[in-house]
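Peer 1: Okay, here's the structure, questions in a sec.
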Number of protein chains: 2
Amino acid sequence: MKCRKCGEKAAVNMRQHKLALCRQHFLEWIPEQTQRFIEKYHMFGRGDRILAAVSGGKDSLSLWDVLLRLGYAVDGLHINLGIDGGLRYSEESQRLAQRFADERGLGLITVNVAEVEGAAIPEAAALTRRGQLKPCSLCGLTKRYIMNRVARDGGYDVLVTGHNLDDEAAVLFGNALSWSAGYLARQGPVLEASSDGLARKAKPFCRIYERETAAYALLRGIEYIYDECPFAEGATSLYYKGILNRMEADRPGLKLSFYLSFLEAKRAGLLASQQAAAEPGLHPCQSCGQPTSAPGQCAYCRTWHRVRERKGEKAPTEQP
Amino acid sequence: MKCRKCGEKAAVNMRQHKLALCRQHFLEWIPEQTQRFIEKYHMFGRGDRILAAVSGGKDSLSLWDVLLRLGYAVDGLHINLGIDGGLRYSEESQRLAQRFADERGLGLITVNVAEVEGAAIPEAAALTRRGQLKPCSLCGLTKRYIMNRVARDGGYDVLVTGHNLDDEAAVLFGNALSWSAGYLARQGPVLEASSDGLARKAKPFCRIYERETAAYALLRGIEYIYDECPFAEGATSLYYKGILNRMEADRPGLKLSFYLSFLEAKRAGLLASQQAAAEPGLHPCQSCGQPTSAPGQCAYCRTWHRVRERKGEKAPTEQP
């Protein structure tokens with residue numbers, strides 16, 4: 001297989017695009033594509049201050065790298081969730097994110113959940129009904145909250161995440177199987193800021209396949225954490241990814257056409273009537289001031305307040 | 001496994017409903033369920049004249065049987081497509097449909113495509129661009145046309161087809177993968193008659209799993225054709241059925257919840273804005289008078305006219 005651009009030996013063959021490229025041209029192609037999608041979906045401009053949520057995995061580190069190469073001003077945000085799972089998952093993730101930033105002299109904001117809230121995600125989850133089986137729901141709530149707070153408090157114009165096409169297609173697949181009107185209406189490459197305090201969000205890699213972001217990290221020599229989160233095992237999103245992978249193998253390009261035809265149908269008004277219903281009225285949380293649709297306290301404050309209470313109840317009697 | 005209703009040995013275990021039933025109670029349960037769906041979706045009433053499209057397969061013969069047991073007035077329509085495939089597919093299908101009708105003294109209208117139009121489906125398909133790879137497109141067009149014409153000419157109130165849940169879920173799956181707004185807007189248990197000449201259509205088995213219709217035919221002793229149409233091999237709809245079967249095995253009830261949540265989302269207005277776009281303006285075909293959205297002749301007349309022309313061209317020179 002030869003590179004379409006120079007005829008040298010190809011390093012990456014993308015059946016879904018009928019395109020094979022050598023290392024050098026692949027490493028040029030990914031930023032070109034990303035820039036195309038940034039413009040096409042009006043994600044952000046040259047003057048914008050960008051905050052990238054950086055887990056330490058291949059997608060977010062590759063995204064940070066690509067955006068820097070494209071000349072954007074990007075700070076990183078890493079959230080340490082305190083997950084060990086026998087493989088020092090969070091510690092290793094933070095080390096790799098920090099190392100990426102340090103080697104390039106970049107600003108990385110880090111938030112350690114256990115330090116801020118008094119308990120790491122697994123411990124906190126075990127103390128709430130929400131997380132007794134799996135901490136994923138509490139973890140998602142916590143990450144979304146912290147990302148939004150840091151983006152707003154830091155005055156960033158947009159928060160970007162490394163979600164790739166496989167992530168987006170799997171979410172869409174789940175929402176289509178359950179025909180969740182609200183989720184379908186909200187899903188897209190950009191989520192606009194709301195006047196009541198939700199930061200603008202964008203996913204520059206939403207049309208890049210997972211194997212392309214992995215190839216990019218590999219060929220760029222970016223060191224990232226290979227392990228999935230130890231709690232991801234058995235997750236529905238991974239199950240849907242598996243189904244989509246099987247279909248993609250039989251019909252190359254299926255994931256991309258599934259996602260693109262969804263965006264096109266939305267643009268044409270397919271889900272328009274639900275747009276209003278999809279945005280519940282928000283008001284400031286009475287504890288933290290962040291926007292919430294829940295009455296009184298937001299879900300984050302309510303949940304973590306309960307965690308601290310229960311932790312107090314379960315703590316051994318204080319020594320006098 | 002015991003029957004939920006009488007405690008006898010169960011004949012059918014339906015994981016998707018968490019329900020096991022003995023032969024007798026299963027054979028009562030299917031008509032009860034069917035009657036529930038006929039009422040829920042306002043398909044037809046006791047006084048209506050019903051035309052059932054009967055292929056000779058398990059679904060349509062079971063449907064005819066169930067509707068008769070429920071006391072409805074139902075005539076059958078069988079369309080002989082002239083497909084052999086080495087297994088006398090159409091001949092055998094017609095024999096079984098006719099036998100079912102004769103044994104019960106029922107009226108069966110039969111239409112033989114080769115007699116009416118001068119060529120059977122495979123021969124005609126080979127003569128048109130539309131069917132050169134697969135005759136399925138021409139076959140579908142032809143069946144839809146004949147069913148509609150017979151239903152209207154015979155003054156029937158509704159045309160029913162044996163589509164089961166697996167059929168409906170597979171069609172929905174395909175339409176969701178391509179986000180086909182028009183098809184999504186039209187799919188449902190009932191398609192209303194249009195003022196311009198399309199017959200009312202209903203699918204009383206739309207919530208009955210394929211393995212339930214097969215079990216019904218088997219336990220009722222209905223003889224049906226086991227073979228799939230020889231041209232179905234490799235069909236996209238069968239591929240989607242396979243994917244859905246794998247997911248159903250992992251998550252019993254998935255097909256049903258996929259279909260029901262779609263109906264619910266539609267009811268709530270998810271696809272409302274497309275309803276208008278989904279019904280193109282129809283007018284009478286200038287050749288046959290049946291409703292069509294194509295200018296001039298309808299696709300059926302145009303296609304079969306071309307078949308006859310090409311057949312004439314290819315015919316050996318007439319003997320003087």
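Residue numbers start at 1 in each chain; chains themselves are named A, B, ... in the order of the structure tokens; ligands are numbered from 1 in the order shown.
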Compile the residues of chain A that lie within 12 Å of chain B, evaluated using only C-alpha atoms, and express the compilation as a VMD selection string.
Peer 2: chain A and resid 169 to 170 172 to 185 234 236 239 to 240 242 to 248 250 to 251 253 to 278
Peer 1: Which residues are near Glu117 of chain B? Cut-off 10 Å, only C-alpha atoms, ignore same chain within fewer than 5 positions. Put them as a list in words.
Peer 2: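 My reading of the contact set: Asn112, Ala124, Trp304, His305, Val307 and Arg308 of chain B.
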Peer 1: Export N, CA, C and O atoms of the chosen residues as a short mmCIF file (atom, residue, chain, number, x, y, z; two decimals), in the first residue's frame?
Peer 2:
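Below is the file selection-v7.cif, written as the result:
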data_model
loop_
_atom_site.label_atom_id
_atom_site.label_comp_id
_atom_site.auth_asym_id
_atom_site.auth_seq_id
_atom_site.Cartn_x
_atom_site.Cartn_y
_atom_site.Cartn_z
N ASN B 112 -50.90 -13.43 -10.91
CA ASN B 112 -49.64 -13.98 -11.40
C ASN B 112 -48.96 -12.92 -12.28
O ASN B 112 -49.47 -12.54 -13.33
N ALA B 124 -37.89 -9.98 -15.75
CA ALA B 124 -38.11 -8.55 -15.90
C ALA B 124 -36.96 -7.75 -15.28
O ALA B 124 -36.49 -6.76 -15.85
N TRP B 304 -42.55 -1.45 -16.17
CA TRP B 304 -43.06 -2.62 -16.89
C TRP B 304 -43.21 -2.35 -18.38
O TRP B 304 -43.08 -3.26 -19.21
N HIS B 305 -43.47 -1.09 -18.73
CA HIS B 305 -43.51 -0.73 -20.15
C HIS B 305 -42.13 -0.99 -20.77
O HIS B 305 -42.00 -1.56 -21.85
N VAL B 307 -39.85 -3.02 -19.66
CA VAL B 307 -39.60 -4.47 -19.70
C VAL B 307 -40.19 -5.07 -20.97
O VAL B 307 -39.53 -5.84 -21.67
N ARG B 308 -41.42 -4.70 -21.28
CA ARG B 308 -42.07 -5.27 -22.47
C ARG B 308 -41.35 -4.83 -23.75
O ARG B 308 -41.14 -5.63 -24.66
#
Peer 1: Could you please determine the separation between atom CA of Pro284 of chain A and atom CA of Arg302 of chain A in Å, to one decimal place?
Peer 2: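 Here the two named atoms are 13.6 Å from each other.
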Peer 1: For segment 4-21 of chain A, list every protein, DNA or RNA residue within 8 Å, evaluated using only C-alpha atoms, and leave out those in the same chain fewer than 2 positions away; present the list as a ChimeraX atom specification.
Peer 2: /A:1-2,23-26,215,252-254
Peer 1: Of the candidates B:Asn148, B:Ser237, B:Thr213, B:Ser90, which shows the shortest atom-to-atom distance to Pro291 of chain B, using only C-alpha atoms?
Peer 2: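 Selected residue with least distance to Pro291 of chain B: B:Asn148.
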Peer 1: Which polymer residues have any atom within 10 Å of an atom of Cys288 of chain B, counting only C-alpha atoms, with same-chain residues fewer than 3 positions away left out, as a PDB file with all heavy atoms, in the first residue's frame?
Peer 2:
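Result went into result-v6.pdb, see below:
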ATOM      1  N   ARG B 149     -53.690  -1.803  -5.722  1.00  0.00           N
ATOM      2  CA  ARG B 149     -54.732  -1.808  -6.744  1.00  0.00           C
ATOM      3  C   ARG B 149     -55.846  -2.771  -6.375  1.00  0.00           C
ATOM      4  O   ARG B 149     -57.032  -2.446  -6.465  1.00  0.00           O
ATOM      5  CB  ARG B 149     -54.130  -2.167  -8.104  1.00  0.00           C
ATOM      6  CG  ARG B 149     -55.040  -1.778  -9.270  1.00  0.00           C
ATOM      7  CD  ARG B 149     -54.388  -2.068 -10.601  1.00  0.00           C
ATOM      8  NE  ARG B 149     -54.025  -3.467 -10.715  1.00  0.00           N
ATOM      9  CZ  ARG B 149     -53.227  -3.980 -11.656  1.00  0.00           C
ATOM     10  NH1 ARG B 149     -52.669  -3.181 -12.560  1.00  0.00           N
ATOM     11  NH2 ARG B 149     -52.953  -5.254 -11.686  1.00  0.00           N
ATOM     12  N   PRO B 284     -52.924  11.136 -10.327  1.00  0.00           N
ATOM     13  CA  PRO B 284     -53.149   9.838 -10.995  1.00  0.00           C
ATOM     14  C   PRO B 284     -52.126   9.614 -12.111  1.00  0.00           C
ATOM     15  O   PRO B 284     -51.819  10.523 -12.870  1.00  0.00           O
ATOM     16  CB  PRO B 284     -54.560   9.977 -11.594  1.00  0.00           C
ATOM     17  CG  PRO B 284     -55.157  11.190 -10.953  1.00  0.00           C
ATOM     18  CD  PRO B 284     -54.022  12.079 -10.563  1.00  0.00           C
ATOM     19  N   CYS B 285     -51.623   8.402 -12.195  1.00  0.00           N
ATOM     20  CA  CYS B 285     -50.736   8.000 -13.293  1.00  0.00           C
ATOM     21  C   CYS B 285     -51.504   8.134 -14.610  1.00  0.00           C
ATOM     22  O   CYS B 285     -52.670   7.747 -14.690  1.00  0.00           O
ATOM     23  CB  CYS B 285     -50.294   6.553 -13.073  1.00  0.00           C
ATOM     24  SG  CYS B 285     -49.571   5.784 -14.536  1.00  0.00           S
ATOM     25  N   PRO B 291     -52.385   6.337  -7.913  1.00  0.00           N
ATOM     26  CA  PRO B 291     -51.681   7.532  -7.437  1.00  0.00           C
ATOM     27  C   PRO B 291     -50.165   7.389  -7.561  1.00  0.00           C
ATOM     28  O   PRO B 291     -49.620   6.316  -7.309  1.00  0.00           O
ATOM     29  CB  PRO B 291     -52.090   7.613  -5.971  1.00  0.00           C
ATOM     30  CG  PRO B 291     -52.472   6.236  -5.591  1.00  0.00           C
ATOM     31  CD  PRO B 291     -53.058   5.614  -6.823  1.00  0.00           C
ATOM     32  N   GLN B 297     -46.264   9.056 -16.064  1.00  0.00           N
ATOM     33  CA  GLN B 297     -46.515   7.668 -15.682  1.00  0.00           C
ATOM     34  C   GLN B 297     -45.954   7.350 -14.295  1.00  0.00           C
ATOM     35  O   GLN B 297     -44.932   7.909 -13.896  1.00  0.00           O
ATOM     36  CB  GLN B 297     -45.825   6.746 -16.683  1.00  0.00           C
ATOM     37  CG  GLN B 297     -46.669   6.380 -17.903  1.00  0.00           C
ATOM     38  CD  GLN B 297     -45.985   5.295 -18.713  1.00  0.00           C
ATOM     39  OE1 GLN B 297     -44.764   5.229 -18.765  1.00  0.00           O
ATOM     40  NE2 GLN B 297     -46.771   4.454 -19.351  1.00  0.00           N
ATOM     41  N   CYS B 298     -46.612   6.393 -13.624  1.00  0.00           N
ATOM     42  CA  CYS B 298     -46.082   5.945 -12.334  1.00  0.00           C
ATOM     43  C   CYS B 298     -44.887   5.008 -12.581  1.00  0.00           C
ATOM     44  O   CYS B 298     -44.685   4.517 -13.701  1.00  0.00           O
ATOM     45  CB  CYS B 298     -47.155   5.235 -11.511  1.00  0.00           C
ATOM     46  SG  CYS B 298     -47.661   3.630 -12.139  1.00  0.00           S
ATOM     47  N   TYR B 300     -44.374   2.037 -11.683  1.00  0.00           N
ATOM     48  CA  TYR B 300     -44.783   0.683 -12.087  1.00  0.00           C
ATOM     49  C   TYR B 300     -45.015   0.620 -13.594  1.00  0.00           C
ATOM     50  O   TYR B 300     -44.440  -0.224 -14.292  1.00  0.00           O
ATOM     51  CB  TYR B 300     -46.052   0.290 -11.327  1.00  0.00           C
ATOM     52  CG  TYR B 300     -46.550  -1.102 -11.665  1.00  0.00           C
ATOM     53  CD1 TYR B 300     -46.115  -2.205 -10.946  1.00  0.00           C
ATOM     54  CD2 TYR B 300     -47.458  -1.312 -12.691  1.00  0.00           C
ATOM     55  CE1 TYR B 300     -46.575  -3.486 -11.242  1.00  0.00           C
ATOM     56  CE2 TYR B 300     -47.917  -2.585 -12.999  1.00  0.00           C
ATOM     57  CZ  TYR B 300     -47.473  -3.672 -12.269  1.00  0.00           C
ATOM     58  OH  TYR B 300     -47.925  -4.933 -12.563  1.00  0.00           O
ATOM     59  N   CYS B 301     -45.850   1.524 -14.107  1.00  0.00           N
ATOM     60  CA  CYS B 301     -46.152   1.505 -15.549  1.00  0.00           C
ATOM     61  C   CYS B 301     -44.895   1.759 -16.366  1.00  0.00           C
ATOM     62  O   CYS B 301     -44.653   1.108 -17.386  1.00  0.00           O
ATOM     63  CB  CYS B 301     -47.217   2.556 -15.880  1.00  0.00           C
ATOM     64  SG  CYS B 301     -48.858   2.089 -15.271  1.00  0.00           S
TER      65      CYS B 301
END
Peer 1: Within 8 Å of segment 82-87 of chain B, counting only C-alpha atoms, which residues qualify if same-chain residues fewer than 6 places away don't, as a list in words?
Peer 2: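 The contact residues come out as Asn112, Val113, Ala114, Ala120, Ile121, Pro122, Pro230 and Phe231 of chain B.
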Peer 1: From the DSSP assignment of the backbone, select every residue of segment 26-161 of chain B that is helix (DSSP H, G or I), and format the answer as an MDAnalysis selection string.
Peer 2: chainID B and resid 26:40 58:69 89:104 113:117 121:126 129:131 136:153
Peer 1: Using C-alpha atoms, can you write the selected residues to a file as a PDB file, in the first residue's frame?
Peer 2:
ATOM      1  CA  PHE B  26     -49.604 -19.521  23.892  1.00  0.00           C
ATOM      2  CA  LEU B  27     -52.172 -20.120  21.135  1.00  0.00           C
ATOM      3  CA  GLU B  28     -54.641 -17.992  23.112  1.00  0.00           C
ATOM      4  CA  TRP B  29     -52.083 -15.351  24.007  1.00  0.00           C
ATOM      5  CA  ILE B  30     -51.106 -14.466  20.413  1.00  0.00           C
ATOM      6  CA  PRO B  31     -54.666 -13.523  19.332  1.00  0.00           C
ATOM      7  CA  GLU B  32     -55.218 -11.633  22.613  1.00  0.00           C
ATOM      8  CA  GLN B  33     -52.077  -9.608  22.028  1.00  0.00           C
ATOM      9  CA  THR B  34     -52.951  -9.032  18.381  1.00  0.00           C
ATOM     10  CA  GLN B  35     -56.419  -7.794  19.320  1.00  0.00           C
ATOM     11  CA  ARG B  36     -54.831  -5.441  21.874  1.00  0.00           C
ATOM     12  CA  PHE B  37     -52.599  -3.913  19.189  1.00  0.00           C
ATOM     13  CA  ILE B  38     -55.441  -3.699  16.638  1.00  0.00           C
ATOM     14  CA  GLU B  39     -57.354  -1.595  19.166  1.00  0.00           C
ATOM     15  CA  LYS B  40     -54.408   0.371  20.525  1.00  0.00           C
ATOM     16  CA  LYS B  58     -45.321 -18.157   8.561  1.00  0.00           C
ATOM     17  CA  ASP B  59     -46.132 -14.515   9.274  1.00  0.00           C
ATOM     18  CA  SER B  60     -48.890 -13.898   6.773  1.00  0.00           C
ATOM     19  CA  LEU B  61     -50.582 -17.297   7.201  1.00  0.00           C
ATOM     20  CA  SER B  62     -50.459 -16.954  10.987  1.00  0.00           C
ATOM     21  CA  LEU B  63     -51.890 -13.462  10.710  1.00  0.00           C
ATOM     22  CA  TRP B  64     -54.757 -14.645   8.524  1.00  0.00           C
ATOM     23  CA  ASP B  65     -55.440 -17.474  10.968  1.00  0.00           C
ATOM     24  CA  VAL B  66     -55.380 -15.154  13.991  1.00  0.00           C
ATOM     25  CA  LEU B  67     -57.664 -12.571  12.379  1.00  0.00           C
ATOM     26  CA  LEU B  68     -60.193 -15.268  11.461  1.00  0.00           C
ATOM     27  CA  ARG B  69     -60.113 -16.644  15.013  1.00  0.00           C
ATOM     28  CA  TYR B  89     -40.128 -20.849  -4.495  1.00  0.00           C
ATOM     29  CA  SER B  90     -43.174 -19.074  -5.948  1.00  0.00           C
ATOM     30  CA  GLU B  91     -44.974 -22.238  -6.994  1.00  0.00           C
ATOM     31  CA  GLU B  92     -44.606 -23.714  -3.527  1.00  0.00           C
ATOM     32  CA  SER B  93     -45.623 -20.425  -1.867  1.00  0.00           C
ATOM     33  CA  GLN B  94     -48.806 -20.244  -3.914  1.00  0.00           C
ATOM     34  CA  ARG B  95     -49.610 -23.906  -3.279  1.00  0.00           C
ATOM     35  CA  LEU B  96     -49.402 -23.381   0.488  1.00  0.00           C
ATOM     36  CA  ALA B  97     -51.414 -20.154   0.458  1.00  0.00           C
ATOM     37  CA  GLN B  98     -54.068 -21.801  -1.720  1.00  0.00           C
ATOM     38  CA  ARG B  99     -54.167 -24.883   0.457  1.00  0.00           C
ATOM     39  CA  PHE B 100     -54.632 -22.787   3.608  1.00  0.00           C
ATOM     40  CA  ALA B 101     -57.557 -20.978   1.946  1.00  0.00           C
ATOM     41  CA  ASP B 102     -59.160 -24.108   0.467  1.00  0.00           C
ATOM     42  CA  GLU B 103     -59.045 -26.078   3.716  1.00  0.00           C
ATOM     43  CA  ARG B 104     -60.933 -23.263   5.433  1.00  0.00           C
ATOM     44  CA  VAL B 113     -47.145 -11.299 -12.441  1.00  0.00           C
ATOM     45  CA  ALA B 114     -45.937 -13.200 -15.517  1.00  0.00           C
ATOM     46  CA  GLU B 115     -49.523 -13.659 -16.754  1.00  0.00           C
ATOM     47  CA  VAL B 116     -50.492 -10.047 -16.130  1.00  0.00           C
ATOM     48  CA  GLU B 117     -47.326  -8.301 -17.286  1.00  0.00           C
ATOM     49  CA  ILE B 121     -39.868 -10.874 -11.691  1.00  0.00           C
ATOM     50  CA  PRO B 122     -36.386 -12.360 -12.337  1.00  0.00           C
ATOM     51  CA  GLU B 123     -36.715 -12.079 -16.114  1.00  0.00           C
ATOM     52  CA  ALA B 124     -38.110  -8.547 -15.900  1.00  0.00           C
ATOM     53  CA  ALA B 125     -35.453  -7.450 -13.420  1.00  0.00           C
ATOM     54  CA  ALA B 126     -32.690  -8.612 -15.740  1.00  0.00           C
ATOM     55  CA  ARG B 129     -31.375  -1.064 -14.780  1.00  0.00           C
ATOM     56  CA  ARG B 130     -33.338  -1.063 -11.535  1.00  0.00           C
ATOM     57  CA  GLY B 131     -32.974  -4.810 -11.097  1.00  0.00           C
ATOM     58  CA  CYS B 136     -35.692  -6.893  -4.899  1.00  0.00           C
ATOM     59  CA  SER B 137     -36.362  -3.294  -5.850  1.00  0.00           C
ATOM     60  CA  LEU B 138     -38.589  -4.216  -8.815  1.00  0.00           C
ATOM     61  CA  CYS B 139     -40.256  -6.934  -6.740  1.00  0.00           C
ATOM     62  CA  GLY B 140     -41.087  -4.486  -3.947  1.00  0.00           C
ATOM     63  CA  LEU B 141     -42.441  -1.915  -6.395  1.00  0.00           C
ATOM     64  CA  THR B 142     -44.584  -4.567  -8.087  1.00  0.00           C
ATOM     65  CA  LYS B 143     -45.985  -6.021  -4.873  1.00  0.00           C
ATOM     66  CA  ARG B 144     -46.831  -2.606  -3.422  1.00  0.00           C
ATOM     67  CA  TYR B 145     -48.576  -1.622  -6.655  1.00  0.00           C
ATOM     68  CA  ILE B 146     -50.638  -4.785  -7.016  1.00  0.00           C
ATOM     69  CA  MET B 147     -51.590  -4.856  -3.337  1.00  0.00           C
ATOM     70  CA  ASN B 148     -52.811  -1.279  -3.508  1.00  0.00           C
ATOM     71  CA  ARG B 149     -54.732  -1.808  -6.744  1.00  0.00           C
ATOM     72  CA  VAL B 150     -56.477  -4.964  -5.558  1.00  0.00           C
ATOM     73  CA  ALA B 151     -57.343  -3.378  -2.203  1.00  0.00           C
ATOM     74  CA  ARG B 152     -58.857  -0.305  -3.848  1.00  0.00           C
ATOM     75  CA  ASP B 153     -60.579  -2.060  -6.746  1.00  0.00           C
TER      76      ASP B 153
END
Peer 1: Segment 157-161 of chain B: which residues within 7 Å, counting only C-alpha atoms, same-chain residues fewer than 2 positions away excluded, as a PyMOL selection string?
Peer 2: chain B and resi 48-53+60+151+155+163+199-203
Peer 1: List every residue of segment 72-247 of chain A that DSSP, applied to the backbone of this structure, places in strand (DSSP E), and write the result as a VMD selection string.
Peer 2: chain A and resid 73 to 80 108 to 112 158 to 160 190 to 191 201 to 202
Peer 1: Extract, using only C-alpha atoms, all DNA, RNA and protein residues at most 9 Å from Asn164 of chain A, discarding same-chain residues fewer than 6 positions from it, and format them as a ChimeraX atom specification.
Peer 2: /A:59,203-210,213
Peer 1: For the residues in that selection, give me N, CA and C atoms as a compact mmCIF listing (two decimals), in the first residue's frame.
Peer 2:
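Wrote again-v1.txt, looks like this:
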# COMPACT_ATOMS: atom_id res chain seq x y z
N ASP A 59 -6.83 10.43 22.87
CA ASP A 59 -7.67 11.41 22.18
C ASP A 59 -7.38 12.83 22.66
N LYS A 203 -16.16 19.71 20.06
CA LYS A 203 -15.46 18.43 19.91
C LYS A 203 -14.77 18.39 18.54
N PRO A 204 -13.57 18.96 18.45
CA PRO A 204 -12.90 19.06 17.14
C PRO A 204 -12.61 17.70 16.49
N PHE A 205 -12.56 16.61 17.27
CA PHE A 205 -12.26 15.28 16.71
C PHE A 205 -13.53 14.47 16.41
N CYS A 206 -14.69 15.12 16.41
CA CYS A 206 -15.94 14.36 16.30
C CYS A 206 -16.06 13.57 15.01
N ARG A 207 -15.27 13.90 14.00
CA ARG A 207 -15.33 13.14 12.74
C ARG A 207 -14.06 12.33 12.50
N ILE A 208 -13.20 12.27 13.52
CA ILE A 208 -11.96 11.49 13.38
C ILE A 208 -12.15 10.12 14.06
N TYR A 209 -11.90 9.05 13.33
CA TYR A 209 -12.04 7.71 13.90
C TYR A 209 -11.06 7.49 15.06
N GLU A 210 -11.46 6.65 15.99
CA GLU A 210 -10.62 6.32 17.14
C GLU A 210 -9.28 5.74 16.70
N THR A 213 -7.03 8.63 15.79
CA THR A 213 -6.41 9.37 16.91
C THR A 213 -5.31 8.52 17.56
Peer 1: If you measure from atom CA of Leu165 of chain A to atom CA of Ala217 of chain A, what distance in Å do you get, rounded to one decimal?
Peer 2: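 Computed distance, atom CA of Leu165 of chain A to atom CA of Ala217 of chain A, equals 15.9 Å.
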